[in-house]
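**Student:** Pasting in a structure now, in structure tokens, and then I'll have a few things to ask.
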Amino acid sequence: MNNLIHPTSIIDNKAEIGSGVAIGPYSVIGPDVVIGDRCELMSHVVLTGHTTMGTGNRIFPFTSIGQIPQDLKYHGEDSQVIIGDNNQIRENVTINAGTEGGGMVTRIGNHNLLMAYTHIAHDCILGNHIVLANCSTLAGHVEVDDQAIIGGLSAIQQFVRIGSLAMIGGMSGVTKDVPPFCLVAGGYRSGLSGLNLVGLKRKGYNLEQIGHLKEIYRILLQEKGNRAEQLTQAEAVLRVDDEVGRSMIEFVRTAKRGLTTHRRDS
């Protein structure tokens, strides 16, 4: 399969380009870049640094991937950006390389949609089937688990983890870990507003599973109390085959940044 490379693009001879790749006008590809098969770079795309990209990715105009991190502790180490397969990376997205203090890699999985103007800072780890809406921003060392959705104009503080199938409302400022399957209402430092019921139903969870998860949510995230005691209570009601409830309990148990809990309106 032949490549379609526009004559105005600048591609270093050392770059590795797969088959069936399209590179549009005025794109710039650095010497340590690896592009997998069937990727499409539309125009004015910059791939630099030690950037490796899998197959079937679509990169829209004015995206910049692999630039050095915006971290004053960075001293030129050969850190990386690693991107999986079948991602859509829209206009003006920026993805920075990792740092020595964060494992040396910024990693993005498969089948993700990064909408226009989103920013992925150094050492972030993204799973699969994630949506970042327009102008959402991840600070350094943020982790986003599979199938999470982050609303537009939201900012996620460094070292925060977003659990799987969580949904962050637009214009949110998230400063603590968000457990899986939960909703965060929009606004700065706002809390949880319940479970992502629509997302759970779309993924095939039945009413009995969702009802049981609501009970675990109430114990761990809605009621005030001692965290260790709450975990004990949640484990007491956990069923043997309830992997959804178990994943929420384990997330709460291992949270390092503190937890976003249920919002209590005055």
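Chain identifiers are assigned as A, B, and so on, following the order in which chains appear in the structure tokens; residues are numbered from 1 within each chain, and ligands are numbered from 1 in order of appearance.
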Give me the residues near segment 54-68 of chain A as a count of residues only, where near means some atom within 9 Å (using only C-alpha atoms) and where sequence neighbours in that chain fewer than 5 positions away do not count.
**Tutor:** 50
**Student:** Using backbone DSSP assignments, extract all strand (DSSP E) residues from segment 20-244 of chain A; output them as a ChimeraX atom specification.
**Tutor:** /A:22-23,28-29,34-35,40-41,46-47,50-53,58-59,64-67,80-83,88-89,94-96,105-108,113-114,119-120,125-126,131-132,137-138,143-144,149-150,155-156,161-162,167-168,173-174,182-184,192-195
**Student:** Would you pick out the contacts of segment 10-13 of chain A at 9 Å or less, using only C-alpha atoms, so that residues sharing its chain but fewer than 3 positions from it are not included, and give the list as a list in words?
**Tutor:**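 Skipping anything fewer than 3 positions along the chain leaves Pro7, Glu16, Tyr26, Ser27, Val28, Ile29, Gly30, Pro31, Asp32 and Val33 of chain A.
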**Student:** Go ahead and save the picked residues with N, CA and C atoms, as a PDB file, in the first residue's frame.
**Tutor:**
```
ATOM      1  N   PRO A   7       4.150  17.118  -1.023  1.00  0.00           N
ATOM      2  CA  PRO A   7       5.532  17.595  -1.241  1.00  0.00           C
ATOM      3  C   PRO A   7       5.962  18.721  -0.307  1.00  0.00           C
ATOM      4  N   GLU A  16      10.443   6.641  10.883  1.00  0.00           N
ATOM      5  CA  GLU A  16       9.909   5.376  10.384  1.00  0.00           C
ATOM      6  C   GLU A  16       8.431   5.557  10.057  1.00  0.00           C
ATOM      7  N   TYR A  26       2.480  20.771   4.735  1.00  0.00           N
ATOM      8  CA  TYR A  26       3.175  21.538   5.763  1.00  0.00           C
ATOM      9  C   TYR A  26       3.296  20.804   7.101  1.00  0.00           C
ATOM     10  N   SER A  27       3.226  19.503   7.099  1.00  0.00           N
ATOM     11  CA  SER A  27       3.468  18.733   8.312  1.00  0.00           C
ATOM     12  C   SER A  27       4.973  18.531   8.501  1.00  0.00           C
ATOM     13  N   VAL A  28       5.378  18.367   9.769  1.00  0.00           N
ATOM     14  CA  VAL A  28       6.801  18.211  10.097  1.00  0.00           C
ATOM     15  C   VAL A  28       6.958  16.962  10.967  1.00  0.00           C
ATOM     16  N   ILE A  29       7.815  16.041  10.527  1.00  0.00           N
ATOM     17  CA  ILE A  29       8.032  14.774  11.228  1.00  0.00           C
ATOM     18  C   ILE A  29       9.501  14.680  11.605  1.00  0.00           C
ATOM     19  N   GLY A  30       9.777  14.502  12.901  1.00  0.00           N
ATOM     20  CA  GLY A  30      11.146  14.479  13.387  1.00  0.00           C
ATOM     21  C   GLY A  30      11.829  13.132  13.213  1.00  0.00           C
ATOM     22  N   PRO A  31      13.135  13.064  13.542  1.00  0.00           N
ATOM     23  CA  PRO A  31      13.936  11.862  13.268  1.00  0.00           C
ATOM     24  C   PRO A  31      13.608  10.666  14.142  1.00  0.00           C
ATOM     25  N   ASP A  32      13.063  10.879  15.316  1.00  0.00           N
ATOM     26  CA  ASP A  32      12.805   9.778  16.245  1.00  0.00           C
ATOM     27  C   ASP A  32      11.326   9.417  16.320  1.00  0.00           C
ATOM     28  N   VAL A  33      10.606   9.711  15.260  1.00  0.00           N
ATOM     29  CA  VAL A  33       9.169   9.448  15.199  1.00  0.00           C
ATOM     30  C   VAL A  33       8.911   8.134  14.463  1.00  0.00           C
TER      31      VAL A  33
END
```
**Student:** Excluding Lys73 of chain A and residues on its chain fewer than 3 positions from it, collect all residues at most 9 Å away from it, counting only C-alpha atoms, and give them as a compact mmCIF listing (two decimals) with C-alpha atoms, in the first residue's frame.
**Tutor:**
```txt
# COMPACT_ATOMS: atom_id res chain seq x y z
CA GLN A 70 6.08 22.23 30.27
CA THR A 99 9.69 13.31 32.42
CA GLU A 100 12.21 11.47 34.54
CA GLY A 101 10.00 12.05 37.57
```
**Student:** Between atom CA of Gly170 of chain A and atom CA of His262 of chain A, what is the distance, to one decimal in Å?
**Tutor:** 17.3 Å
**Student:** Could you produce a table of the residues of segment 90-173 of chain A lying within 8 Å of segment 192-196 of chain A, with the nearest pair of atoms per residue and their separation in Å rounded to one decimal, using only C-alpha atoms, ordered by chain and increasing residue number, as a tab-separated table?
**Tutor:**
```
residue	atom	partner	partner_atom	distance
A:Leu165	CA	A:Asn196	CA	7.4
A:Ala166	CA	A:Asn196	CA	6.6
A:Met167	CA	A:Asn196	CA	6.7
```
**Student:** Store the residues of this selection in a file with N, CA and C atoms, as a PDB file, in the first residue's frame.
**Tutor:**
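Okay, result-v6.pdb is ready:
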```
ATOM      1  N   LEU A 165     -15.433   4.710  33.123  1.00  0.00           N
ATOM      2  CA  LEU A 165     -16.836   5.056  32.890  1.00  0.00           C
ATOM      3  C   LEU A 165     -17.306   6.220  33.758  1.00  0.00           C
ATOM      4  N   ALA A 166     -16.383   6.973  34.325  1.00  0.00           N
ATOM      5  CA  ALA A 166     -16.759   8.209  35.006  1.00  0.00           C
ATOM      6  C   ALA A 166     -17.058   9.278  33.969  1.00  0.00           C
ATOM      7  N   MET A 167     -17.889  10.239  34.343  1.00  0.00           N
ATOM      8  CA  MET A 167     -18.231  11.335  33.439  1.00  0.00           C
ATOM      9  C   MET A 167     -18.082  12.649  34.181  1.00  0.00           C
TER      10      MET A 167
END
```
